[in-house]
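Structure below is structure-v1.cif: mmCIF, C-alpha atoms.
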```cif
data_protein
loop_
_atom_site.label_atom_id
_atom_site.label_comp_id
_atom_site.auth_asym_id
_atom_site.auth_seq_id
_atom_site.Cartn_x
_atom_site.Cartn_y
_atom_site.Cartn_z
CA MET A 1 -81.21 78.06 95.86
CA THR A 2 -84.87 77.16 96.15
CA ALA A 3 -84.71 73.39 96.60
CA VAL A 4 -83.21 71.84 99.69
CA ALA A 5 -79.48 71.72 99.17
CA ARG A 6 -78.04 68.23 99.03
CA THR A 7 -75.29 68.49 101.56
CA GLY A 8 -72.90 65.77 102.60
CA MET A 9 -74.30 65.59 106.11
CA ARG A 10 -77.93 65.32 104.88
CA GLU A 11 -77.05 62.42 102.59
CA GLY A 12 -74.83 60.72 105.15
CA PHE A 13 -71.54 61.54 103.45
CA VAL A 14 -68.54 62.98 105.18
CA SER A 15 -65.77 64.86 103.45
CA CYS A 16 -62.22 64.35 104.75
CA GLU A 17 -60.69 67.66 105.80
CA ALA A 18 -57.19 66.43 105.05
CA CYS A 19 -57.52 64.92 101.58
CA GLY A 20 -61.01 65.89 100.43
CA LEU A 21 -62.25 62.35 99.82
CA LEU A 22 -65.98 61.90 100.23
CA SER A 23 -67.05 58.71 101.95
CA ARG A 24 -70.15 57.29 103.59
CA PRO A 25 -69.38 56.03 107.08
CA VAL A 26 -71.20 52.95 108.32
CA CYS A 27 -72.08 54.65 111.57
CA ALA A 28 -72.96 58.35 111.54
CA GLU A 29 -72.11 58.84 115.24
CA GLU A 30 -68.58 57.54 114.83
CA PRO A 31 -67.45 58.19 111.27
CA GLY A 32 -64.07 56.61 111.91
CA GLU A 33 -61.10 57.21 109.65
CA CYS A 34 -60.76 58.32 106.05
CA PRO A 35 -60.16 55.26 103.85
CA ARG A 36 -57.67 57.16 101.70
CA CYS A 37 -55.51 59.15 104.11
CA GLY A 38 -56.38 57.73 107.52
CA ALA A 39 -57.30 61.09 109.07
CA GLU A 40 -60.10 61.10 111.60
CA LEU A 41 -63.40 61.94 109.94
CA GLU A 42 -65.86 64.47 111.33
CA PHE A 43 -69.10 65.72 109.84
CA ARG A 44 -68.37 69.07 111.46
CA ARG A 45 -65.30 70.24 113.33
CA ARG A 46 -65.73 69.01 116.88
CA ASP A 47 -67.08 71.52 119.43
CA ALA A 48 -66.33 74.27 116.91
CA ILE A 49 -68.45 76.92 118.62
CA GLN A 50 -67.22 76.29 122.17
CA ARG A 51 -63.58 76.04 121.15
CA THR A 52 -63.70 79.18 119.02
CA TRP A 53 -65.38 81.14 121.84
CA ALA A 54 -62.80 79.94 124.35
CA LEU A 55 -59.92 80.90 122.09
CA ILE A 56 -61.22 84.37 121.22
CA ILE A 57 -61.92 85.11 124.87
CA ALA A 58 -58.36 84.06 125.73
CA ALA A 59 -57.04 86.21 122.88
CA ALA A 60 -59.10 89.21 124.03
CA ILE A 61 -57.64 88.86 127.53
CA CYS A 62 -54.09 88.69 126.18
CA TYR A 63 -54.79 91.70 123.97
CA ILE A 64 -54.87 94.02 127.00
CA PRO A 65 -51.32 93.38 128.32
CA ALA A 66 -50.12 93.11 124.72
CA ASN A 67 -50.98 96.76 124.26
CA LEU A 68 -50.27 98.11 127.73
CA LEU A 69 -46.90 96.45 128.34
CA PRO A 70 -43.85 97.62 126.41
CA VAL A 71 -42.62 95.32 123.62
CA MET A 72 -39.06 96.60 123.78
CA ARG A 73 -36.88 98.92 125.81
CA ALA A 74 -34.12 101.05 124.32
CA THR A 75 -31.16 101.88 126.57
CA SER A 76 -28.75 104.59 125.47
CA LEU A 77 -26.36 107.04 127.09
CA THR A 78 -29.24 109.45 127.57
CA GLY A 79 -31.43 106.97 129.47
CA GLU A 80 -34.06 104.29 129.01
CA GLU A 81 -37.09 104.38 126.81
CA PRO A 82 -39.85 101.73 126.77
CA ASP A 83 -41.74 101.19 123.54
CA THR A 84 -45.30 99.83 123.33
CA ILE A 85 -47.10 98.79 120.14
CA MET A 86 -48.89 102.12 119.90
CA SER A 87 -45.85 104.23 120.70
CA GLY A 88 -44.01 102.36 117.93
CA VAL A 89 -46.72 103.42 115.50
CA VAL A 90 -46.60 107.02 116.75
CA ILE A 91 -42.81 107.18 116.43
CA LEU A 92 -42.96 105.91 112.86
CA TYR A 93 -45.61 108.50 112.07
CA GLU A 94 -43.62 111.34 113.58
CA THR A 95 -40.41 110.41 111.77
CA GLY A 96 -42.22 110.97 108.50
CA THR A 97 -42.93 107.44 107.29
CA TRP A 98 -46.69 107.64 107.67
CA TYR A 99 -47.33 104.72 105.31
CA LEU A 100 -45.28 102.33 107.45
CA ALA A 101 -47.07 103.69 110.52
CA LEU A 102 -50.36 102.96 108.77
CA ILE A 103 -49.29 99.40 107.86
CA LEU A 104 -48.22 98.77 111.45
CA LEU A 105 -51.43 100.28 112.82
CA ILE A 106 -53.52 98.04 110.56
CA ALA A 107 -51.47 94.89 111.22
CA SER A 108 -51.06 95.28 114.98
CA VAL A 109 -54.15 97.09 116.18
CA ILE A 110 -56.94 96.90 113.62
CA ILE A 111 -56.50 93.32 112.34
CA PRO A 112 -56.52 91.62 115.78
CA LEU A 113 -59.56 93.63 116.87
CA ALA A 114 -61.38 93.10 113.58
CA LYS A 115 -60.60 89.42 113.77
CA LEU A 116 -61.98 89.07 117.29
CA ALA A 117 -65.10 91.07 116.41
CA SER A 118 -65.70 89.17 113.17
CA LEU A 119 -65.30 85.76 114.77
CA ALA A 120 -67.68 86.78 117.55
CA TYR A 121 -70.15 87.99 114.90
CA LEU A 122 -69.90 84.68 113.02
CA LEU A 123 -70.36 82.69 116.22
CA ILE A 124 -73.36 84.73 117.36
CA THR A 125 -75.10 84.54 113.97
CA VAL A 126 -74.50 80.78 113.81
CA GLN A 127 -75.81 80.30 117.35
CA ARG A 128 -78.91 82.37 116.58
CA GLY A 129 -79.50 80.27 113.47
CA SER A 130 -79.24 83.20 111.08
CA VAL A 131 -79.93 82.37 107.43
CA ARG A 132 -79.02 85.75 105.99
CA ASN A 133 -75.89 86.74 104.09
CA ASN A 134 -74.48 83.22 104.09
CA ARG A 135 -72.21 83.92 101.14
CA GLU A 136 -70.93 87.16 102.66
CA ARG A 137 -70.33 85.51 106.03
CA THR A 138 -68.39 82.72 104.34
CA ARG A 139 -66.34 85.34 102.51
CA LEU A 140 -65.66 87.15 105.79
CA TYR A 141 -64.39 83.88 107.24
CA ARG A 142 -62.06 83.36 104.27
CA ILE A 143 -60.63 86.86 104.68
CA LEU A 144 -60.05 86.20 108.40
CA GLU A 145 -58.05 83.09 107.60
CA ILE A 146 -55.79 85.03 105.23
CA ILE A 147 -55.13 88.26 107.15
CA GLY A 148 -54.60 86.87 110.65
CA ARG A 149 -50.93 86.02 110.19
CA TRP A 150 -50.01 89.62 109.28
CA SER A 151 -50.42 90.72 112.88
CA MET A 152 -47.19 88.89 113.60
CA VAL A 153 -45.32 91.70 111.88
CA ASP A 154 -44.72 93.65 115.08
CA VAL A 155 -43.05 90.67 116.72
CA PHE A 156 -40.67 90.41 113.77
CA VAL A 157 -39.93 94.14 113.96
CA ALA A 158 -39.05 93.81 117.65
CA THR A 159 -36.87 90.77 116.93
CA PHE A 160 -34.75 92.43 114.27
CA VAL A 161 -34.42 95.72 116.13
CA VAL A 162 -33.28 93.79 119.21
CA ALA A 163 -30.93 91.63 117.15
CA LEU A 164 -29.19 94.56 115.49
CA ILE A 165 -29.04 97.20 118.18
CA GLN A 166 -26.71 95.60 120.67
CA LEU A 167 -24.00 98.25 120.92
CA LYS A 168 -23.42 98.47 124.63
CA PRO A 169 -22.86 100.89 126.28
CA LEU A 170 -23.72 103.22 123.42
CA MET A 171 -27.15 101.93 122.59
CA SER A 172 -28.98 98.66 123.09
CA VAL A 173 -32.54 97.38 122.81
CA ALA A 174 -34.03 94.58 124.90
CA PRO A 175 -37.35 92.78 124.39
CA GLU A 176 -40.08 93.18 127.01
CA PRO A 177 -43.00 90.90 128.02
CA GLY A 178 -45.47 92.75 125.77
CA VAL A 179 -44.02 90.87 122.84
CA LEU A 180 -44.99 87.53 124.37
CA PHE A 181 -48.60 88.58 124.97
CA PHE A 182 -48.78 89.98 121.49
CA SER A 183 -47.58 86.71 119.93
CA ALA A 184 -50.15 84.92 122.08
CA VAL A 185 -52.94 87.10 120.65
CA VAL A 186 -51.86 86.34 117.08
CA ILE A 187 -51.53 82.59 117.63
CA LEU A 188 -54.77 82.27 119.59
CA THR A 189 -56.74 84.12 116.89
CA ILE A 190 -55.19 81.97 114.13
CA ILE A 191 -56.15 78.78 116.00
CA ALA A 192 -59.59 80.26 116.76
CA ALA A 193 -60.24 80.84 113.05
CA GLU A 194 -59.19 77.27 112.33
CA SER A 195 -61.47 75.86 115.03
CA PHE A 196 -64.52 77.52 113.55
CA ASP A 197 -66.38 75.53 110.90
CA PRO A 198 -67.76 77.61 108.00
CA ARG A 199 -70.21 74.80 107.17
CA LEU A 200 -72.12 75.79 110.32
CA ILE A 201 -73.04 79.05 108.57
CA TRP A 202 -74.95 77.03 105.97
CA ASP A 203 -76.41 74.42 108.28
CA SER A 204 -79.07 76.69 109.78
CA SER A 205 -80.56 77.58 106.40
CA GLN A 206 -80.71 73.84 105.75
CA GLY A 207 -82.92 73.42 108.79
CA LYS A 208 -85.13 76.37 107.84
CA GLN A 209 -85.69 75.09 104.34
CA GLU A 210 -86.49 71.65 105.56
CA THR A 211 -89.13 72.88 107.99
CA ASN A 212 -90.70 74.95 105.21
CA GLU A 213 -91.35 71.88 103.14
CA MET B 1 -67.09 52.10 104.39
CA ALA B 2 -68.37 53.22 101.02
CA TYR B 3 -66.71 55.92 99.02
CA LEU B 4 -67.60 57.64 95.79
CA SER B 5 -65.59 58.66 92.82
CA THR B 6 -63.01 61.31 93.73
CA GLU B 7 -64.83 63.52 91.21
CA VAL B 8 -67.77 63.85 93.60
CA VAL B 9 -67.02 66.09 96.57
CA ALA B 10 -68.71 67.93 99.38
CA CYS B 11 -67.58 71.56 99.48
CA ILE B 12 -65.41 71.93 102.57
CA GLU B 13 -66.86 75.37 103.29
CA CYS B 14 -70.60 74.70 102.90
CA ASP B 15 -70.88 70.89 102.53
CA LEU B 16 -72.83 70.99 99.24
CA LEU B 17 -72.48 67.75 97.28
CA GLN B 18 -71.37 68.21 93.71
CA ARG B 19 -69.46 66.68 90.85
CA ILE B 20 -66.30 68.36 89.65
CA PRO B 21 -66.67 68.62 85.87
CA ALA B 22 -63.88 67.94 83.37
CA LEU B 23 -61.92 71.16 83.38
CA PRO B 24 -59.99 72.83 80.56
CA PRO B 25 -56.31 73.58 81.29
CA GLY B 26 -56.18 76.35 83.87
CA GLY B 27 -59.91 76.05 84.52
CA THR B 28 -61.23 76.33 88.09
CA ALA B 29 -64.33 74.70 89.53
CA CYS B 30 -66.13 76.75 92.17
CA CYS B 31 -68.89 75.75 94.54
CA PRO B 32 -72.14 77.23 93.13
CA ARG B 33 -73.47 77.86 96.64
CA CYS B 34 -70.61 79.51 98.53
CA GLY B 35 -68.06 80.26 95.81
CA HIS B 36 -65.26 78.18 97.34
CA LYS B 37 -62.61 77.07 94.83
CA LEU B 38 -62.93 73.30 94.69
CA ALA B 39 -60.31 72.39 92.11
CA THR B 40 -58.09 73.87 89.46
CA PHE B 41 -56.80 71.78 86.60
CA ARG B 42 -53.13 72.53 86.15
CA PRO B 43 -51.47 70.42 83.47
CA GLY B 44 -47.86 69.62 84.32
CA SER B 45 -48.44 70.79 87.89
CA LEU B 46 -46.12 68.27 89.49
CA GLU B 47 -43.15 68.98 87.20
CA ARG B 48 -43.51 72.75 87.50
CA THR B 49 -43.88 72.56 91.25
CA THR B 50 -40.74 70.42 91.49
CA ALA B 51 -38.73 73.06 89.63
CA LEU B 52 -40.12 75.83 91.83
CA ALA B 53 -39.51 73.85 95.02
CA VAL B 54 -35.86 73.26 94.12
CA ALA B 55 -35.45 76.98 93.41
CA ALA B 56 -37.19 77.79 96.70
CA ALA B 57 -34.79 75.46 98.55
CA VAL B 58 -31.81 77.39 97.14
CA ALA B 59 -33.38 80.75 97.99
CA PHE B 60 -34.16 79.43 101.48
CA LEU B 61 -30.52 78.52 101.99
CA PHE B 62 -29.30 81.99 101.04
CA THR B 63 -32.01 83.67 103.11
CA ASN B 64 -30.84 81.86 106.20
CA VAL B 65 -27.08 81.92 105.73
CA GLU B 66 -26.49 85.43 104.45
CA PRO B 67 -26.91 88.49 106.72
CA LEU B 68 -30.22 90.30 106.34
CA MET B 69 -28.77 93.69 107.17
CA THR B 70 -25.66 95.31 108.54
CA LEU B 71 -25.62 98.27 110.85
CA SER B 72 -22.71 100.61 111.32
CA VAL B 73 -22.53 103.30 113.95
CA ALA B 74 -19.53 105.11 115.45
CA GLY B 75 -17.09 102.76 113.73
CA ARG B 76 -18.82 99.63 115.02
CA GLN B 77 -20.61 97.10 112.86
CA ALA B 78 -23.30 94.56 113.58
CA SER B 79 -25.20 92.24 111.27
CA THR B 80 -27.90 89.66 111.76
CA THR B 81 -29.46 86.62 110.16
CA ILE B 82 -32.94 85.26 110.91
CA ALA B 83 -31.59 82.63 113.28
CA GLY B 84 -29.40 85.34 114.84
CA GLY B 85 -32.52 87.38 115.55
CA ALA B 86 -34.22 84.43 117.21
CA TRP B 87 -31.06 83.66 119.18
CA GLN B 88 -30.80 87.24 120.47
CA MET B 89 -34.42 87.04 121.67
CA TRP B 90 -33.56 83.81 123.48
CA GLU B 91 -30.47 85.37 125.09
CA GLN B 92 -32.49 88.36 126.25
CA GLY B 93 -34.96 86.14 128.07
CA GLU B 94 -37.90 86.06 125.64
CA LYS B 95 -37.48 82.35 125.01
CA ILE B 96 -41.00 81.55 123.84
CA THR B 97 -40.98 84.40 121.35
CA ALA B 98 -37.57 83.24 120.14
CA LEU B 99 -38.94 79.76 119.50
CA LEU B 100 -41.97 81.19 117.68
CA ILE B 101 -39.78 83.32 115.44
CA ALA B 102 -37.62 80.30 114.61
CA LEU B 103 -40.73 78.23 113.98
CA PHE B 104 -42.52 80.73 111.70
CA ALA B 105 -39.53 82.07 109.79
CA VAL B 106 -37.15 79.10 109.58
CA ILE B 107 -38.57 75.71 110.59
CA ALA B 108 -42.04 75.92 108.98
CA PRO B 109 -40.77 77.12 105.57
CA ALA B 110 -37.95 74.53 105.67
CA LEU B 111 -40.42 71.73 106.38
CA GLN B 112 -42.82 73.08 103.77
CA ILE B 113 -40.16 72.90 101.04
CA GLY B 114 -38.69 69.62 102.31
CA PHE B 115 -42.04 67.83 102.59
CA LEU B 116 -43.16 69.03 99.19
CA LEU B 117 -39.93 67.91 97.51
CA THR B 118 -40.25 64.47 99.11
CA ILE B 119 -43.89 64.17 98.04
CA LEU B 120 -43.08 65.23 94.49
CA LEU B 121 -40.24 62.73 94.30
CA TYR B 122 -42.42 59.81 95.39
CA VAL B 123 -45.58 60.59 93.41
CA ARG B 124 -43.62 60.46 90.17
CA ARG B 125 -44.16 56.70 90.15
CA PRO B 126 -47.61 55.89 91.53
CA PRO B 127 -48.73 54.39 93.75
CA ALA B 128 -46.72 56.35 96.28
CA PRO B 129 -46.37 54.77 99.74
CA ARG B 130 -48.95 55.64 102.39
CA TRP B 131 -46.65 57.87 104.41
CA VAL B 132 -46.63 60.29 101.45
CA GLY B 133 -50.28 60.92 102.32
CA THR B 134 -49.21 61.81 105.85
CA LEU B 135 -46.71 64.31 104.43
CA LEU B 136 -49.47 65.79 102.27
CA ARG B 137 -51.46 66.40 105.43
CA TRP B 138 -48.47 67.94 107.19
CA VAL B 139 -47.64 70.26 104.30
CA GLU B 140 -50.93 72.07 104.84
CA ILE B 141 -50.03 72.67 108.48
CA THR B 142 -46.58 74.03 107.60
CA VAL B 143 -48.15 76.39 105.04
CA ALA B 144 -50.43 77.82 107.72
CA TRP B 145 -47.49 78.62 109.98
CA SER B 146 -44.81 79.64 107.52
CA MET B 147 -44.64 83.42 107.58
CA VAL B 148 -41.72 84.49 105.42
CA GLU B 149 -43.74 87.28 103.80
CA VAL B 150 -44.80 88.63 107.18
CA MET B 151 -41.18 88.50 108.34
CA MET B 152 -40.17 90.48 105.23
CA LEU B 153 -42.55 93.29 106.15
CA GLY B 154 -41.15 93.17 109.67
CA ILE B 155 -37.61 93.47 108.33
CA LEU B 156 -38.54 96.48 106.18
CA VAL B 157 -40.21 98.26 109.09
CA SER B 158 -37.25 97.55 111.37
CA LEU B 159 -34.88 98.85 108.68
CA VAL B 160 -36.73 102.15 108.66
CA LYS B 161 -36.82 102.27 112.45
CA ILE B 162 -33.09 101.59 112.76
CA ALA B 163 -32.22 103.98 109.91
CA ALA B 164 -33.40 106.79 112.17
CA LEU B 165 -30.63 105.85 114.64
CA ALA B 166 -27.76 104.53 112.55
CA ARG B 167 -26.68 103.62 109.05
CA VAL B 168 -28.07 100.28 107.88
CA VAL B 169 -27.19 98.42 104.72
CA PRO B 170 -29.52 95.70 103.47
CA GLY B 171 -27.68 92.42 102.98
CA ILE B 172 -27.93 89.56 100.50
CA GLY B 173 -30.32 87.80 102.88
CA ILE B 174 -33.06 90.38 102.27
CA PHE B 175 -32.91 89.93 98.51
CA ALA B 176 -32.87 86.15 98.89
CA ALA B 177 -35.89 86.42 101.19
CA ALA B 178 -37.74 88.48 98.57
CA GLY B 179 -37.01 85.76 96.01
CA LEU B 180 -38.07 83.09 98.48
CA ILE B 181 -41.47 84.77 99.01
CA VAL B 182 -42.16 84.81 95.27
CA LEU B 183 -41.00 81.20 94.85
CA LEU B 184 -43.03 79.93 97.81
CA ALA B 185 -46.16 81.64 96.47
CA ALA B 186 -45.58 80.26 92.97
CA MET B 187 -44.84 76.81 94.42
CA SER B 188 -48.05 76.74 96.46
CA SER B 189 -50.24 77.97 93.63
CA SER B 190 -48.81 75.59 91.03
CA PHE B 191 -49.15 72.53 93.27
CA ASP B 192 -52.26 70.45 92.64
CA PRO B 193 -52.96 68.42 95.79
CA ARG B 194 -55.79 66.50 94.10
CA GLU B 195 -53.35 65.20 91.51
CA ALA B 196 -50.87 64.23 94.24
CA TRP B 197 -53.58 62.53 96.33
CA SER B 198 -54.73 60.51 93.34
CA ARG B 199 -51.26 58.93 93.19
CA VAL B 200 -50.97 57.88 96.83
CA ARG B 201 -51.81 54.39 98.05
CA TRP B 202 -54.86 54.42 100.30
CA ALA B 203 -54.67 54.01 104.05
CA ASN B 204 -57.06 51.03 103.94
CA GLY B 205 -54.76 49.30 101.45
CA ASP B 206 -57.03 49.94 98.48
CA TRP B 207 -55.85 51.34 95.26
CA PRO B 208 -58.79 53.46 94.16
CA ARG B 209 -61.28 51.75 91.87
CA PRO B 210 -63.64 54.64 91.33
CA ALA B 211 -67.29 53.86 90.80
CA LEU B 212 -69.07 56.75 89.16
CA PRO B 213 -72.56 57.22 90.53
CA SER B 214 -74.53 60.11 89.07
CA PHE B 215 -74.86 62.22 92.12
CA GLY B 216 -75.00 65.83 93.17
CA SER B 217 -75.17 68.96 91.10
CA ASP B 218 -72.26 70.04 88.95
CA ALA B 219 -69.89 72.62 90.32
CA ALA B 220 -69.90 75.88 88.44
CA GLU B 221 -66.96 76.28 86.17
CA ALA B 222 -65.34 79.64 86.67
CA GLY B 223 -63.32 79.54 83.48
CA ARG B 224 -59.69 80.32 83.19
#
```

What would you get if you wrote out this structure as structure tokens?
Amino acid sequence: MTAVARTGMREGFVSCEACGLLSRPVCAEEPGECPRCGAELEFRRRDAIQRTWALIIAAAICYIPANLLPVMRATSLTGEEPDTIMSGVVILYETGTWYLALILLIASVIIPLAKLASLAYLLITVQRGSVRNNRERTRLYRILEIIGRWSMVDVFVATFVVALIQLKPLMSVAPEPGVLFFSAVVILTIIAAESFDPRLIWDSSQGKQETNE
Amino acid sequence: MAYLSTEVVACIECDLLQRIPALPPGGTACCPRCGHKLATFRPGSLERTTALAVAAAVAFLFTNVEPLMTLSVAGRQASTTIAGGAWQMWEQGEKITALLIALFAVIAPALQIGFLLTILLYVRRPPAPRWVGTLLRWVEITVAWSMVEVMMLGILVSLVKIAALARVVPGIGIFAAAGLIVLLAAMSSSFDPREAWSRVRWANGDWPRPALPSFGSDAAEAGR
């Protein structure tokens, strides 16, 4: 687009994130509430960059115990056996179901890491005022919003294995604290993605184009 | 506070002002700058969504009442439901995880279906009361946290894991859950929130009297 894009913020319009109604607030500093649905209006999600950074740092910290601590512990007549996320993947691979191992590896290891890295990339490019690949960066953000939930799969696996294998003293499985940290990673990254505002990706090119005029 | 016609929007992903053109049935309007889908015209959306939501409610009931799978080993049997899984986590001391499982697999989908059915019931005769708008806002939150499809993958992986140790038989609950996933997806994609919003009384007491200023560039029409 060669001309300066007419964005809502430039023209003094704010779009309601809840119902999509476009309105022009009397006062730009305090947009107030949406006349249609009553939700609080914001030109941009409040403190998007700081909040997203805080959440991904918290998620990165939780990611360490989530992988080091066992998620469940199997007790049978032959002894005890703790199971971490990675050892769960390895066991699935060794028992011949490599495709399930692959799904679990992607959902539990690759997606959380890719999500943290991608959000950090988006934040850094926005903070540096990058104007390149806006469309691609927006697409990356959309993908992040969709795939994040799939990391929860390992927590569900642990839940159903624990629920079914309760045959004491023969064999029983108990959950371990790793599962809590892992859920924390998933939830923190989901909230982090929601705190980020994709409109920020486009705002910097707005500034650049305006100064070029 | 001034507002424009509901046909003029700012893209929620890049903030570009544009007018949503008159769409053919099934047509989608996309933002020309970032490609975000702004609106899809779905004739009969509310009726179709009602049918799908009722079907989803039935599937939800079976998913939660019937056992997901039954395990038999050395003459002993054990079976579990979703709530049973969450309860076992609670019993074993992982209380927060238990609550999360219940929230993502039971409470969020239940609220999603319940809210949507209530909305659909009230928007049949516009203007719908203002609290319907509140429900419309809440539905989006429940969609974000309802993870039946993720749970399904978790169930399948745990079936394979357990099958290495004992004999497991999938129960009716699994098949109901598979149906529920399809129905929830169909329900979400057939629902047209713009249509629903246009039938809700405004928070400021207004009933919309749209003025139509010529403003903004037209959104690109992506066709059917």

Polymer residues at most 9 Å from Leu116 (chain A), all atoms listed in the file, same-chain spacing of 2 or more positions, as an MDAnalysis selection string | chainID A and resid 56:57 59:60 111:114 118:121 189

Do you know which residues lie at most 10 Å from (-33.1, 97.6, 113.2), with coordinates as in the file and all atoms listed in the file counted, and could you write them as number ranges by chain?
-> A: 157-165, 173; B: 69-71, 79-80, 154-168

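Straight-line separation from CA of Leu102 (chain A) to CA of Ala178 (chain B): 21.7 Å.
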
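With CA of Val131 (chain A) on one side and CA of Glu17 (chain A) on the other, the separation reads 24.3 Å.
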
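With CA of Val123 (chain B) on one side and CA of His36 (chain B) on the other, the separation reads 26.7 Å.
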
For chain B, which residues have at least one atom within 6 Å of chain A, if we go by all atoms listed in the file? Write them as a ChimeraX atom specification, please.
-> /B:1-3,9-10,13-17,34,85,88,97,133,137,150-151,154,158,202-204

Would you mind exporting the chosen residues as a PDB file, keeping the file's coordinate frame, restricted to C-alpha atoms?
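Final file, again-v9.pdb:
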```pdb
ATOM      1  CA  MET B   1     -67.090  52.100 104.390  1.00  0.00           C
ATOM      2  CA  ALA B   2     -68.370  53.220 101.020  1.00  0.00           C
ATOM      3  CA  TYR B   3     -66.710  55.920  99.020  1.00  0.00           C
ATOM      4  CA  VAL B   9     -67.020  66.090  96.570  1.00  0.00           C
ATOM      5  CA  ALA B  10     -68.710  67.930  99.380  1.00  0.00           C
ATOM      6  CA  GLU B  13     -66.860  75.370 103.290  1.00  0.00           C
ATOM      7  CA  CYS B  14     -70.600  74.700 102.900  1.00  0.00           C
ATOM      8  CA  ASP B  15     -70.880  70.890 102.530  1.00  0.00           C
ATOM      9  CA  LEU B  16     -72.830  70.990  99.240  1.00  0.00           C
ATOM     10  CA  LEU B  17     -72.480  67.750  97.280  1.00  0.00           C
ATOM     11  CA  CYS B  34     -70.610  79.510  98.530  1.00  0.00           C
ATOM     12  CA  GLY B  85     -32.520  87.380 115.550  1.00  0.00           C
ATOM     13  CA  GLN B  88     -30.800  87.240 120.470  1.00  0.00           C
ATOM     14  CA  THR B  97     -40.980  84.400 121.350  1.00  0.00           C
ATOM     15  CA  GLY B 133     -50.280  60.920 102.320  1.00  0.00           C
ATOM     16  CA  ARG B 137     -51.460  66.400 105.430  1.00  0.00           C
ATOM     17  CA  VAL B 150     -44.800  88.630 107.180  1.00  0.00           C
ATOM     18  CA  MET B 151     -41.180  88.500 108.340  1.00  0.00           C
ATOM     19  CA  GLY B 154     -41.150  93.170 109.670  1.00  0.00           C
ATOM     20  CA  SER B 158     -37.250  97.550 111.370  1.00  0.00           C
ATOM     21  CA  TRP B 202     -54.860  54.420 100.300  1.00  0.00           C
ATOM     22  CA  ALA B 203     -54.670  54.010 104.050  1.00  0.00           C
ATOM     23  CA  ASN B 204     -57.060  51.030 103.940  1.00  0.00           C
TER      24      ASN B 204
END
```

Evaluating the PyMOL selection byres ((chain A and resi 73) around 9) on the displayed file yields which residues, as JSON, numbers by chain?
-> {"A": [70, 71, 72, 74, 75, 80, 81, 82, 83, 84, 172, 173, 174, 175, 176]}

Target residues per the PyMOL selection byres ((chain A and resi 128) around 12), formatted as a PyMOL selection string = chain A and resi 49+121-127+129-132+200-201+203-205

Take the residues that were just selected and, keeping C-alpha atoms, output them as a PDB file, in the coordinates of the input.
```pdb
ATOM      1  CA  ILE A  49     -68.450  76.920 118.620  1.00  0.00           C
ATOM      2  CA  TYR A 121     -70.150  87.990 114.900  1.00  0.00           C
ATOM      3  CA  LEU A 122     -69.900  84.680 113.020  1.00  0.00           C
ATOM      4  CA  LEU A 123     -70.360  82.690 116.220  1.00  0.00           C
ATOM      5  CA  ILE A 124     -73.360  84.730 117.360  1.00  0.00           C
ATOM      6  CA  THR A 125     -75.100  84.540 113.970  1.00  0.00           C
ATOM      7  CA  VAL A 126     -74.500  80.780 113.810  1.00  0.00           C
ATOM      8  CA  GLN A 127     -75.810  80.300 117.350  1.00  0.00           C
ATOM      9  CA  GLY A 129     -79.500  80.270 113.470  1.00  0.00           C
ATOM     10  CA  SER A 130     -79.240  83.200 111.080  1.00  0.00           C
ATOM     11  CA  VAL A 131     -79.930  82.370 107.430  1.00  0.00           C
ATOM     12  CA  ARG A 132     -79.020  85.750 105.990  1.00  0.00           C
ATOM     13  CA  LEU A 200     -72.120  75.790 110.320  1.00  0.00           C
ATOM     14  CA  ILE A 201     -73.040  79.050 108.570  1.00  0.00           C
ATOM     15  CA  ASP A 203     -76.410  74.420 108.280  1.00  0.00           C
ATOM     16  CA  SER A 204     -79.070  76.690 109.780  1.00  0.00           C
ATOM     17  CA  SER A 205     -80.560  77.580 106.400  1.00  0.00           C
TER      18      SER A 205
END
```

Which residues come within 7 Å of region 41-54 of chain B, counting all atoms listed in the file, excluding same-chain residues fewer than 4 positions away, as a PyMOL selection string?
-> chain B and resi 23-28+58+113+117+120+183+187+190-192

Evaluate the PyMOL selection byres ((chain B and resi 110) around 12) on the structure here and hand back the selected residues as a CSV table (one decimal) with C-alpha atoms, in the coordinates of the input.
```csv
chain,number,residue,atom,x,y,z
B,53,ALA,CA,-39.5,73.8,95.0
B,54,VAL,CA,-35.9,73.3,94.1
B,56,ALA,CA,-37.2,77.8,96.7
B,57,ALA,CA,-34.8,75.5,98.6
B,58,VAL,CA,-31.8,77.4,97.1
B,59,ALA,CA,-33.4,80.8,98.0
B,60,PHE,CA,-34.2,79.4,101.5
B,61,LEU,CA,-30.5,78.5,102.0
B,63,THR,CA,-32.0,83.7,103.1
B,64,ASN,CA,-30.8,81.9,106.2
B,102,ALA,CA,-37.6,80.3,114.6
B,103,LEU,CA,-40.7,78.2,114.0
B,104,PHE,CA,-42.5,80.7,111.7
B,105,ALA,CA,-39.5,82.1,109.8
B,106,VAL,CA,-37.2,79.1,109.6
B,107,ILE,CA,-38.6,75.7,110.6
B,108,ALA,CA,-42.0,75.9,109.0
B,109,PRO,CA,-40.8,77.1,105.6
B,111,LEU,CA,-40.4,71.7,106.4
B,112,GLN,CA,-42.8,73.1,103.8
B,113,ILE,CA,-40.2,72.9,101.0
B,114,GLY,CA,-38.7,69.6,102.3
B,115,PHE,CA,-42.0,67.8,102.6
B,116,LEU,CA,-43.2,69.0,99.2
B,117,LEU,CA,-39.9,67.9,97.5
B,139,VAL,CA,-47.6,70.3,104.3
B,142,THR,CA,-46.6,74.0,107.6
B,143,VAL,CA,-48.2,76.4,105.0
B,145,TRP,CA,-47.5,78.6,110.0
B,146,SER,CA,-44.8,79.6,107.5
B,147,MET,CA,-44.6,83.4,107.6
B,148,VAL,CA,-41.7,84.5,105.4
B,180,LEU,CA,-38.1,83.1,98.5
B,184,LEU,CA,-43.0,79.9,97.8
```
